[in-house]
file entry.cif (mmCIF, C-alpha atoms)
data_input
loop_
_atom_site.group_PDB
_atom_site.id
_atom_site.type_symbol
_atom_site.label_atom_id
_atom_site.label_comp_id
_atom_site.auth_asym_id
_atom_site.auth_seq_id
_atom_site.Cartn_x
_atom_site.Cartn_y
_atom_site.Cartn_z
ATOM 1 C CA MET C 11 0.000 0.000 0.000
ATOM 2 C CA VAL C 12 2.739 2.461 1.021
ATOM 3 C CA LEU C 13 4.737 1.393 -2.019
ATOM 4 C CA PHE C 14 1.866 2.256 -4.350
ATOM 5 C CA VAL C 15 1.395 5.624 -2.682
ATOM 6 C CA VAL C 16 5.095 6.399 -3.160
ATOM 7 C CA LEU C 17 4.954 5.324 -6.815
ATOM 8 C CA LEU C 18 1.804 7.374 -7.449
ATOM 9 C CA VAL C 19 3.323 10.469 -5.821
ATOM 10 C CA PHE C 20 6.370 9.993 -8.060
ATOM 11 C CA MET C 21 4.077 9.769 -11.095
ATOM 12 C CA ILE C 22 2.176 12.905 -10.068
ATOM 13 C CA ILE C 23 5.429 14.838 -9.624
ATOM 14 C CA GLY C 24 6.620 13.615 -13.015
ATOM 15 C CA SER C 25 3.385 14.707 -14.643
ATOM 16 C CA ILE C 26 3.605 18.147 -12.999
ATOM 17 C CA ILE C 27 7.113 18.540 -14.441
ATOM 18 C CA ALA C 28 5.825 17.347 -17.826
ATOM 19 C CA ILE C 29 2.990 19.864 -17.767
ATOM 20 C CA GLU C 30 4.970 22.866 -16.588
ATOM 21 C CA ALA C 31 8.334 22.328 -18.343
ATOM 22 C CA ARG C 32 9.333 25.142 -20.687
ATOM 23 C CA ASN C 33 11.072 22.900 -23.219
ATOM 24 C CA LEU C 34 8.903 20.409 -25.108
ATOM 25 C CA LEU C 35 11.666 17.795 -25.220
ATOM 26 C CA SER C 36 12.117 17.721 -21.434
ATOM 27 C CA SER C 37 8.351 17.554 -21.081
ATOM 28 C CA VAL C 38 8.239 14.487 -23.347
ATOM 29 C CA ILE C 39 11.012 12.815 -21.339
ATOM 30 C CA SER C 40 9.115 13.470 -18.083
ATOM 31 C CA VAL C 41 6.104 11.696 -19.581
ATOM 32 C CA GLY C 42 8.471 8.793 -20.231
ATOM 33 C CA THR C 43 9.361 8.608 -16.540
ATOM 34 C CA VAL C 44 5.653 8.544 -15.674
ATOM 35 C CA GLY C 45 5.108 5.659 -18.104
ATOM 36 C CA PHE C 46 7.976 3.575 -16.756
ATOM 37 C CA ALA C 47 6.830 4.152 -13.163
ATOM 38 C CA LEU C 48 3.422 2.939 -14.342
ATOM 39 C CA SER C 49 4.971 -0.265 -15.667
ATOM 40 C CA ILE C 50 6.669 -0.851 -12.276
ATOM 41 C CA ALA C 51 3.288 -0.335 -10.603
ATOM 42 C CA PHE C 52 1.718 -2.929 -12.937
ATOM 43 C CA LEU C 53 4.475 -5.381 -12.067
ATOM 44 C CA LEU C 54 3.825 -4.923 -8.337
ATOM 45 C CA LEU C 55 0.067 -5.254 -8.848
ATOM 46 C CA GLY C 56 0.406 -8.798 -10.192
ATOM 47 C CA ALA C 57 0.085 -8.003 -13.884
ATOM 48 C CA PRO C 58 3.338 -9.005 -15.601
ATOM 49 C CA ASP C 59 1.776 -9.131 -19.102
ATOM 50 C CA ILE C 60 0.636 -5.544 -18.854
ATOM 51 C CA ALA C 61 3.983 -4.431 -17.438
ATOM 52 C CA ILE C 62 5.793 -5.878 -20.469
ATOM 53 C CA THR C 63 3.282 -4.322 -22.877
ATOM 54 C CA GLN C 64 3.547 -0.987 -21.100
ATOM 55 C CA ILE C 65 7.353 -0.936 -21.428
ATOM 56 C CA VAL C 66 7.210 -1.710 -25.168
ATOM 57 C CA VAL C 67 4.406 0.795 -25.796
ATOM 58 C CA GLU C 68 6.210 3.433 -23.723
ATOM 59 C CA VAL C 69 9.412 3.129 -25.756
ATOM 60 C CA ILE C 70 7.497 3.411 -29.053
ATOM 61 C CA ALA C 71 5.426 6.324 -27.717
ATOM 62 C CA LEU C 72 8.597 8.163 -26.702
ATOM 63 C CA ILE C 73 10.036 7.634 -30.179
ATOM 64 C CA ILE C 74 6.857 8.965 -31.793
ATOM 65 C CA LEU C 75 6.620 11.979 -29.493
ATOM 66 C CA ILE C 76 10.308 12.864 -29.935
ATOM 67 C CA ARG C 77 9.893 12.578 -33.702
ATOM 68 C CA GLY C 78 7.032 15.020 -33.400
ATOM 69 C CA THR C 79 8.978 17.581 -31.386
ATOM 70 C CA ILE C 80 12.716 17.284 -31.944
ATOM 71 C CA SER C 81 13.344 19.232 -35.138
ATOM 72 C CA LEU C 82 10.466 21.624 -34.689
ATOM 73 C CA ASP C 83 10.027 24.770 -32.701
ATOM 74 C CA ASN C 84 10.058 23.664 -29.075
ATOM 75 C CA THR C 85 10.186 26.931 -27.214
ATOM 76 C CA ALA C 86 7.538 27.713 -24.655
ATOM 77 C CA ILE C 87 4.426 29.642 -25.574
ATOM 78 C CA GLU C 88 3.874 32.383 -23.023
ATOM 79 C CA LYS C 89 2.780 35.391 -24.968
ATOM 80 C CA HIS C 90 -0.752 35.479 -23.641
ATOM 81 C CA ARG C 91 -1.600 33.586 -20.488
ATOM 82 C CA ASP C 92 -5.311 33.407 -19.890
ATOM 83 C CA THR C 93 -5.451 33.626 -16.095
ATOM 84 C CA PHE C 94 -9.249 33.496 -15.928
ATOM 85 C CA ALA C 95 -9.418 30.234 -17.872
ATOM 86 C CA MET C 96 -6.674 28.737 -15.701
ATOM 87 C CA VAL C 97 -8.308 29.701 -12.403
ATOM 88 C CA SER C 98 -11.753 28.536 -13.488
ATOM 89 C CA ALA C 99 -10.285 25.229 -14.718
ATOM 90 C CA LEU C 100 -8.616 24.687 -11.328
ATOM 91 C CA VAL C 101 -11.864 25.469 -9.467
ATOM 92 C CA PHE C 102 -13.840 23.020 -11.594
ATOM 93 C CA PHE C 103 -11.223 20.318 -11.145
ATOM 94 C CA GLY C 104 -11.439 20.828 -7.372
ATOM 95 C CA ILE C 105 -15.195 20.269 -7.585
ATOM 96 C CA PHE C 106 -14.562 17.189 -9.761
ATOM 97 C CA LEU C 107 -12.183 15.750 -7.167
ATOM 98 C CA ALA C 108 -14.695 16.360 -4.359
ATOM 99 C CA PHE C 109 -17.439 14.527 -6.268
ATOM 100 C CA SER C 110 -15.066 11.685 -7.150
ATOM 101 C CA TYR C 111 -14.233 11.322 -3.449
ATOM 102 C CA VAL C 112 -17.938 10.787 -2.752
ATOM 103 C CA ALA C 113 -18.208 8.330 -5.646
ATOM 104 C CA LEU C 114 -15.170 6.361 -4.492
ATOM 105 C CA LYS C 115 -17.010 5.380 -1.293
ATOM 106 C CA ASP C 116 -19.162 2.989 -3.354
ATOM 107 C CA MET C 117 -16.216 1.276 -5.001
ATOM 108 C CA PRO C 118 -14.820 -2.017 -3.684
ATOM 109 C CA GLU C 119 -12.165 -1.504 -1.044
ATOM 110 C CA PHE C 120 -8.554 -1.570 -2.231
ATOM 111 C CA GLY C 121 -7.230 -5.138 -2.067
ATOM 112 C CA LYS C 122 -10.657 -6.820 -2.125
ATOM 113 C CA PRO C 123 -11.874 -7.171 -5.733
ATOM 114 C CA LEU C 124 -15.414 -8.174 -6.699
ATOM 115 C CA MET C 125 -14.424 -11.164 -8.921
ATOM 116 C CA LYS C 126 -17.949 -12.145 -10.002
ATOM 117 C CA VAL C 127 -17.263 -12.974 -13.650
ATOM 118 C CA SER C 128 -13.571 -13.711 -13.354
ATOM 119 C CA GLN C 129 -14.161 -16.409 -10.739
ATOM 120 C CA GLY C 130 -15.516 -18.610 -13.532
ATOM 121 C CA TYR C 131 -12.615 -17.728 -15.814
ATOM 122 C CA LEU C 132 -10.126 -18.661 -13.121
ATOM 123 C CA GLN C 133 -11.876 -21.960 -12.354
ATOM 124 C CA ARG C 134 -12.501 -23.165 -15.896
ATOM 125 C CA GLY C 135 -9.973 -21.253 -17.984
ATOM 126 C CA LEU C 136 -7.478 -24.080 -18.172
ATOM 127 C CA GLN C 137 -9.953 -26.814 -19.163
ATOM 128 C CA ARG C 138 -11.869 -24.647 -21.621
ATOM 129 C CA THR C 139 -8.969 -23.049 -23.488
ATOM 130 C CA GLY C 140 -5.842 -24.930 -22.483
ATOM 131 C CA ALA C 141 -3.989 -21.729 -21.651
ATOM 132 C CA ALA C 142 -2.018 -21.538 -18.422
ATOM 133 C CA ASN C 143 -2.071 -17.751 -18.567
ATOM 134 C CA ILE C 144 -5.651 -16.781 -17.702
ATOM 135 C CA VAL C 145 -5.261 -13.231 -19.057
ATOM 136 C CA MET C 146 -4.304 -14.575 -22.461
ATOM 137 C CA SER C 147 -7.172 -17.068 -22.380
ATOM 138 C CA ILE C 148 -9.563 -14.127 -21.864
ATOM 139 C CA VAL C 149 -7.956 -11.903 -24.508
ATOM 140 C CA LEU C 150 -7.716 -14.520 -27.224
ATOM 141 C CA ASP C 151 -10.616 -16.871 -26.427
ATOM 142 C CA PHE C 152 -13.372 -15.729 -24.061
ATOM 143 C CA ARG C 153 -13.370 -12.169 -25.402
ATOM 144 C CA GLY C 154 -11.912 -12.796 -28.835
ATOM 145 C CA TYR C 155 -14.363 -10.491 -30.612
ATOM 146 C CA ASP C 156 -13.267 -7.683 -28.327
ATOM 147 C CA THR C 157 -9.676 -8.231 -29.450
ATOM 148 C CA LEU C 158 -10.815 -8.263 -33.076
ATOM 149 C CA GLY C 159 -12.466 -4.875 -32.543
ATOM 150 C CA GLU C 160 -9.296 -3.610 -30.914
ATOM 151 C CA ALA C 161 -7.262 -4.699 -33.922
ATOM 152 C CA THR C 162 -9.724 -2.818 -36.139
ATOM 153 C CA VAL C 163 -9.338 0.360 -34.082
ATOM 154 C CA LEU C 164 -5.558 0.037 -34.190
ATOM 155 C CA PHE C 165 -5.559 -0.489 -37.954
ATOM 156 C CA THR C 166 -7.868 2.486 -38.487
ATOM 157 C CA SER C 167 -5.763 4.843 -36.376
ATOM 158 C CA ILE C 168 -2.514 3.845 -38.074
ATOM 159 C CA LEU C 169 -4.216 4.225 -41.470
ATOM 160 C CA GLY C 170 -5.358 7.679 -40.407
ATOM 161 C CA ALA C 171 -1.824 8.632 -39.383
ATOM 162 C CA PHE C 172 -0.496 7.478 -42.765
ATOM 163 C CA VAL C 173 -3.170 9.410 -44.662
ATOM 164 C CA VAL C 174 -2.447 12.563 -42.667
ATOM 165 C CA LEU C 175 1.312 12.309 -43.166
ATOM 166 C CA ARG C 176 1.541 11.170 -46.789
ATOM 167 C CA LYS C 177 3.305 13.427 -49.228
ATOM 168 C CA ARG C 178 2.037 12.251 -52.607
ATOM 169 C CA GLY C 179 -1.168 13.591 -54.060
ATOM 170 C CA ARG C 180 -1.580 16.360 -51.555
ATOM 171 C CA LYS C 181 0.314 19.221 -53.129
ATOM 172 C CA LYS C 182 -1.656 19.642 -56.312
ATOM 173 C CA LYS C 183 -5.057 19.781 -54.678
ATOM 174 C CA GLU C 184 -3.832 22.255 -52.100
ATOM 175 C CA GLU C 185 -2.583 24.661 -54.761
ATOM 176 C CA ARG C 186 -5.837 24.412 -56.671
ATOM 177 C CA ASP C 187 -7.809 25.203 -53.522
ATOM 178 C CA ARG C 188 -5.540 28.127 -52.798
ATOM 179 C CA ALA C 189 -6.014 29.535 -56.289
ATOM 180 C CA ARG C 190 -9.779 29.221 -56.037
ATOM 181 C CA VAL C 191 -10.357 30.551 -52.525
ATOM 182 C CA GLY C 192 -7.404 32.892 -52.349
ATOM 183 C CA ILE C 193 -5.913 31.931 -48.991
ATOM 184 C CA PRO C 194 -2.338 33.215 -48.684
ATOM 185 C CA GLY C 195 0.285 30.517 -48.541
ATOM 186 C CA ASP C 196 2.236 31.601 -45.470
ATOM 187 C CA LEU C 197 0.552 32.696 -42.296
ATOM 188 C CA MET R 28 -8.865 4.552 -0.772
ATOM 189 C CA ILE R 29 -5.991 7.039 -0.873
ATOM 190 C CA VAL R 30 -4.540 5.130 -3.822
ATOM 191 C CA TYR R 31 -7.741 5.662 -5.822
ATOM 192 C CA LEU R 32 -7.753 9.336 -4.907
ATOM 193 C CA LEU R 33 -4.124 9.783 -6.035
ATOM 194 C CA THR R 34 -5.026 8.141 -9.346
ATOM 195 C CA PHE R 35 -7.870 10.617 -9.731
ATOM 196 C CA ILE R 36 -5.437 13.462 -9.041
ATOM 197 C CA LEU R 37 -3.182 12.118 -11.815
ATOM 198 C CA PHE R 38 -6.203 12.065 -14.138
ATOM 199 C CA VAL R 39 -7.067 15.657 -13.223
ATOM 200 C CA MET R 40 -3.462 16.682 -13.970
ATOM 201 C CA GLY R 41 -3.885 15.374 -17.496
ATOM 202 C CA LEU R 42 -7.274 17.070 -17.841
ATOM 203 C CA TYR R 43 -5.804 20.391 -16.687
ATOM 204 C CA CYS R 44 -2.978 20.051 -19.206
ATOM 205 C CA LEU R 45 -5.520 19.315 -21.948
ATOM 206 C CA VAL R 46 -7.749 22.283 -21.128
ATOM 207 C CA ALA R 47 -5.428 25.065 -20.000
ATOM 208 C CA LYS R 48 -2.297 24.696 -22.149
ATOM 209 C CA LYS R 49 -1.959 26.419 -25.518
ATOM 210 C CA ASN R 50 0.698 24.188 -27.043
ATOM 211 C CA VAL R 51 -0.705 21.341 -29.161
ATOM 212 C CA VAL R 52 1.979 18.860 -28.075
ATOM 213 C CA LYS R 53 1.246 19.715 -24.426
ATOM 214 C CA LYS R 54 -2.387 18.833 -25.081
ATOM 215 C CA VAL R 55 -1.295 15.475 -26.513
ATOM 216 C CA ILE R 56 0.822 14.892 -23.393
ATOM 217 C CA GLY R 57 -2.220 15.637 -21.238
ATOM 218 C CA ILE R 58 -4.238 12.993 -23.082
ATOM 219 C CA VAL R 59 -1.392 10.488 -22.587
ATOM 220 C CA ILE R 60 -1.342 11.170 -18.829
ATOM 221 C CA MET R 61 -5.131 10.690 -18.634
ATOM 222 C CA ASP R 62 -4.711 7.384 -20.477
ATOM 223 C CA TYR R 63 -2.164 6.206 -17.907
ATOM 224 C CA ALA R 64 -4.397 7.195 -14.996
ATOM 225 C CA VAL R 65 -7.448 5.334 -16.336
ATOM 226 C CA ASN R 66 -5.444 2.163 -17.027
ATOM 227 C CA LEU R 67 -3.901 2.266 -13.562
ATOM 228 C CA LEU R 68 -7.303 2.754 -11.883
ATOM 229 C CA LEU R 69 -8.764 -0.293 -13.648
ATOM 230 C CA ILE R 70 -5.841 -2.477 -12.568
ATOM 231 C CA LEU R 71 -6.010 -1.144 -8.999
ATOM 232 C CA VAL R 72 -9.694 -2.098 -8.730
ATOM 233 C CA GLY R 73 -8.816 -5.697 -9.612
ATOM 234 C CA TYR R 74 -5.945 -6.009 -7.139
ATOM 235 C CA ARG R 75 -6.141 -8.535 -4.326
ATOM 236 C CA ARG R 76 -4.004 -7.949 -1.258
ATOM 237 C CA GLY R 77 -1.106 -10.410 -1.371
ATOM 238 C CA GLY R 78 -2.456 -11.861 -4.610
ATOM 239 C CA VAL R 79 -0.493 -13.747 -7.230
ATOM 240 C CA ALA R 80 -0.433 -13.096 -10.983
ATOM 241 C CA PRO R 81 -3.187 -15.007 -12.869
ATOM 242 C CA ILE R 82 -0.781 -17.516 -14.406
ATOM 243 C CA LEU R 83 -1.047 -21.210 -13.546
ATOM 244 C CA LEU R 84 2.313 -22.773 -12.800
ATOM 245 C CA LYS R 85 3.176 -26.448 -12.623
ATOM 246 C CA GLY R 86 2.165 -28.091 -9.372
ATOM 247 C CA MET R 87 -0.107 -25.235 -8.282
ATOM 248 C CA ASP R 88 -3.236 -26.084 -6.314
ATOM 249 C CA ARG R 89 -6.223 -25.214 -8.527
ATOM 250 C CA ALA R 90 -8.700 -24.344 -5.754
ATOM 251 C CA LYS R 91 -6.168 -22.267 -3.862
ATOM 252 C CA PHE R 92 -5.263 -20.436 -7.081
ATOM 253 C CA THR R 93 -8.886 -19.391 -7.555
ATOM 254 C CA THR R 94 -9.013 -17.717 -4.163
ATOM 255 C CA GLN R 95 -5.530 -16.191 -4.389
ATOM 256 C CA SER R 96 -5.187 -14.778 -7.868
ATOM 257 C CA VAL R 97 -5.783 -11.135 -8.752
ATOM 258 C CA ASP R 98 -8.709 -10.288 -11.064
ATOM 259 C CA PRO R 99 -7.711 -11.244 -14.652
ATOM 260 C CA LEU R 100 -10.616 -9.516 -16.442
ATOM 261 C CA PRO R 101 -9.531 -5.856 -16.057
ATOM 262 C CA GLN R 102 -5.999 -6.925 -16.987
ATOM 263 C CA ALA R 103 -7.236 -8.400 -20.264
ATOM 264 C CA LEU R 104 -9.219 -5.269 -21.098
ATOM 265 C CA VAL R 105 -6.419 -2.879 -20.114
ATOM 266 C CA LEU R 106 -4.011 -4.849 -22.311
ATOM 267 C CA THR R 107 -6.092 -3.897 -25.357
ATOM 268 C CA SER R 108 -6.608 -0.355 -24.059
ATOM 269 C CA ILE R 109 -2.848 0.307 -23.810
ATOM 270 C CA VAL R 110 -2.271 -0.718 -27.427
ATOM 271 C CA ILE R 111 -5.203 1.407 -28.614
ATOM 272 C CA GLY R 112 -3.665 4.318 -26.691
ATOM 273 C CA LEU R 113 -0.470 3.905 -28.717
ATOM 274 C CA GLY R 114 -2.374 3.970 -32.022
ATOM 275 C CA VAL R 115 -4.314 7.071 -31.020
ATOM 276 C CA LEU R 116 -1.074 8.747 -29.904
ATOM 277 C CA ALA R 117 0.467 8.068 -33.330
ATOM 278 C CA LEU R 118 -2.575 9.642 -35.010
ATOM 279 C CA MET R 119 -2.444 12.708 -32.761
ATOM 280 C CA VAL R 120 1.281 13.274 -33.311
ATOM 281 C CA ALA R 121 0.746 12.930 -37.075
ATOM 282 C CA LEU R 122 -1.906 15.653 -36.880
ATOM 283 C CA CYS R 123 0.495 17.834 -34.843
ATOM 284 C CA ILE R 124 3.250 17.424 -37.448
ATOM 285 C CA ARG R 125 0.835 18.351 -40.248
ATOM 286 C CA LEU R 126 -0.386 21.408 -38.318
ATOM 287 C CA TYR R 127 3.218 22.486 -37.822
ATOM 288 C CA GLU R 128 3.999 22.051 -41.514
ATOM 289 C CA LYS R 129 1.022 24.212 -42.432
ATOM 290 C CA TYR R 130 1.158 26.958 -39.788
ATOM 291 C CA LYS R 131 4.818 26.845 -38.615
ATOM 292 C CA THR R 132 3.726 26.942 -34.979
ATOM 293 C CA PHE R 133 2.278 24.760 -32.225
ATOM 294 C CA ASP R 134 0.350 27.615 -30.627
ATOM 295 C CA MET R 135 -3.394 27.008 -30.664
ATOM 296 C CA SER R 136 -4.269 30.712 -30.638
ATOM 297 C CA GLU R 137 -2.056 31.326 -33.688
ATOM 298 C CA ILE R 138 -3.771 28.667 -35.761
ATOM 299 C CA ARG R 139 -6.380 31.041 -37.018
ATOM 300 C CA ARG R 140 -8.306 28.961 -39.480
ATOM 301 C CA LEU R 141 -9.385 26.576 -36.732
ATOM 302 C CA ARG R 142 -11.394 29.371 -35.113
ATOM 303 C CA GLY R 143 -15.151 29.105 -35.344
#
call {"tool": "encode", "arguments": {"input": "entry.cif", "output": "structure tokens"}}
result
Amino acid sequence: MVLFVVLLVFMIIGSIIAIEARNLLSSVISVGTVGFALSIAFLLLGAPDIAITQIVVEVIALIILIRGTISLDNTAIEKHRDTFAMVSALVFFGIFLAFSYVALKDMPEFGKPLMKVSQGYLQRGLQRTGAANIVMSIVLDFRGYDTLGEATVLFTSILGAFVVLRKRGRKKKEERDRARVGIPGDL
Amino acid sequence: MIVYLLTFILFVMGLYCLVAKKNVVKKVIGIVIMDYAVNLLLILVGYRRGGVAPILLKGMDRAKFTTQSVDPLPQALVLTSIVIGLGVLALMVALCIRLYEKYKTFDMSEIRRLRG
């Protein structure tokens, strides 16, 4: 329990640094520390599969984020700070936290899960699917359609990223639009 | 209880970053932090005190395993959620790169043609 509190405080401090850092690159690296602390937390919570996945995903996410920021303009934006928006956002988040505290009273106590559905998975997972790892038997067998939908979402998002980033076929249309509407090229 | 509350605070950090920051990449980072917080909350709900990982080893007592293991269902769902988070992150960063190519800035208030 104390260990999780320490890890979570570390993650919160890392996220504060990530939010408030002036340089975008240091902010991205702070997010990386939060992600790796998260994978340690998963390992301590009895979820080794998720810890491994989190490490792999974290490394790839860092590569993607650094690709997005490294050669571009990564100075801080502080020309116009909107103090009213900031203060009102903080007030509303305080209210949100108060309501979530009330809602948390109805949740199962930490360390005592409900286990209504998963009891059956744990009892019969080995006979039904032949998998020693119960998590994998759920992902690939009991909830296989869910995984299929996940693969579809993944494919769609990567396709979207490719369409957004592709170079061919974009230039010509853009120039034609510009000529017709008359938007200046450089803003 | 305090663990849940700290997770909520982490979530609110990400939400604040998403709402109050002007930089587009900072907004993406806020969404990533919210993603982490939600995944961690789901795993925390399924944790059993002193529980073992839901993997059957050789020579393990089946009945004892059922009462000792942590909840495998949120783990299976979070496993898919993490990977989806990566795909969405790739899409968001691609949009950021395109916005930078077009407007030469990450500042939301400078990107004029997005205004309503």
call {"tool": "residues_around", "arguments": {"input": "entry.cif", "residues": "region 116-124 of chain R", "least_positions_apart": "4", "cutoff": "8 Å", "atoms": "all atoms listed in the file", "output": "list in words"}}
result
Ala71, Ile74, Leu75, Gly78, Ser167, Ile168, Gly170, Ala171, Phe172, Val174 and Leu175 of chain C; Val51, Val52, Val55, Val59, Gly112, Glu128 and Phe133 of chain R
call {"tool": "atom_distance", "arguments": {"input": "entry.cif", "atom1": "CA of Met125 (chain C)", "atom2": "CA of Val12 (chain C)"}}
result
24.1 Å
call {"tool": "resolve_selection", "arguments": {"input": "entry.cif", "expression": "the PyMOL selection byres ((chain R and resi 90) around 12)", "output": "number ranges by chain"}}
result
C: 129-130, 132-134; R: 83, 87-89, 91-96
call {"tool": "resolve_selection", "arguments": {"input": "entry.cif", "expression": "the PyMOL selection byres ((chain C and resi 120) around 8)", "output": "number ranges by chain"}}
result
C: 118-119, 121-123; R: 28, 30, 71-72, 74-76
call {"tool": "residues_around", "arguments": {"input": "entry.cif", "residues": "Val67 (chain C)", "least_positions_apart": "4", "cutoff": "10 Å", "atoms": "only C-alpha atoms", "output": "list in words"}}
result
Gly45, Ala61, Ile62, Thr63, Ala71, Leu72 and Ile73 of chain C; Ile109, Val110, Gly112, Leu113 and Gly114 of chain R
call {"tool": "residues_around", "arguments": {"input": "entry.cif", "residues": "Leu55 (chain C)", "least_positions_apart": "3", "cutoff": "9 Å", "atoms": "all atoms listed in the file", "output": "list in words"}}
result
Phe14, Ile50, Ala51, Phe52 and Pro58 of chain C; Ile70, Leu71, Gly73, Tyr74, Arg75, Gly78, Val79, Ala80 and Val97 of chain R
call {"tool": "write_last_selection", "arguments": {"input": "entry.cif", "atoms": "C-alpha atoms", "output": "compact mmCIF listing (two decimals), in the coordinates of the input"}}
result
# COMPACT_ATOMS: atom_id res chain seq x y z
CA PHE C 14 1.87 2.26 -4.35
CA ILE C 50 6.67 -0.85 -12.28
CA ALA C 51 3.29 -0.34 -10.60
CA PHE C 52 1.72 -2.93 -12.94
CA PRO C 58 3.34 -9.01 -15.60
CA ILE R 70 -5.84 -2.48 -12.57
CA LEU R 71 -6.01 -1.14 -9.00
CA GLY R 73 -8.82 -5.70 -9.61
CA TYR R 74 -5.94 -6.01 -7.14
CA ARG R 75 -6.14 -8.54 -4.33
CA GLY R 78 -2.46 -11.86 -4.61
CA VAL R 79 -0.49 -13.75 -7.23
CA ALA R 80 -0.43 -13.10 -10.98
CA VAL R 97 -5.78 -11.14 -8.75
call {"tool": "residues_around", "arguments": {"input": "entry.cif", "residues": "Val105 (chain R)", "least_positions_apart": "2", "cutoff": "12 Å", "atoms": "all atoms listed in the file", "output": "PyMOL selection string"}}
result
(chain C and resi 52+57+59-61+63-64+145+148-149+156-157+160) or (chain R and resi 62-73+98-103+107-112)
call {"tool": "atom_distance", "arguments": {"input": "entry.cif", "atom1": "CA of Phe35 (chain R)", "atom2": "CA of Ser36 (chain C)"}}
result
24.2 Å
call {"tool": "atom_distance", "arguments": {"input": "entry.cif", "atom1": "CA of Leu45 (chain R)", "atom2": "CA of Thr162 (chain C)"}}
result
26.6 Å
call {"tool": "closest_residue", "arguments": {"input": "entry.cif", "among": "C:Val191, C:Gly135, C:Asn143, C:Met11", "to": "chain R", "atoms": "only C-alpha atoms"}}
result
C:Asn143
call {"tool": "closest_residue", "arguments": {"input": "entry.cif", "among": "C:Ile27, C:Leu54, C:Met146, C:Val101", "to": "Val41 (chain C)", "atoms": "all atoms listed in the file"}}
result
C:Ile27
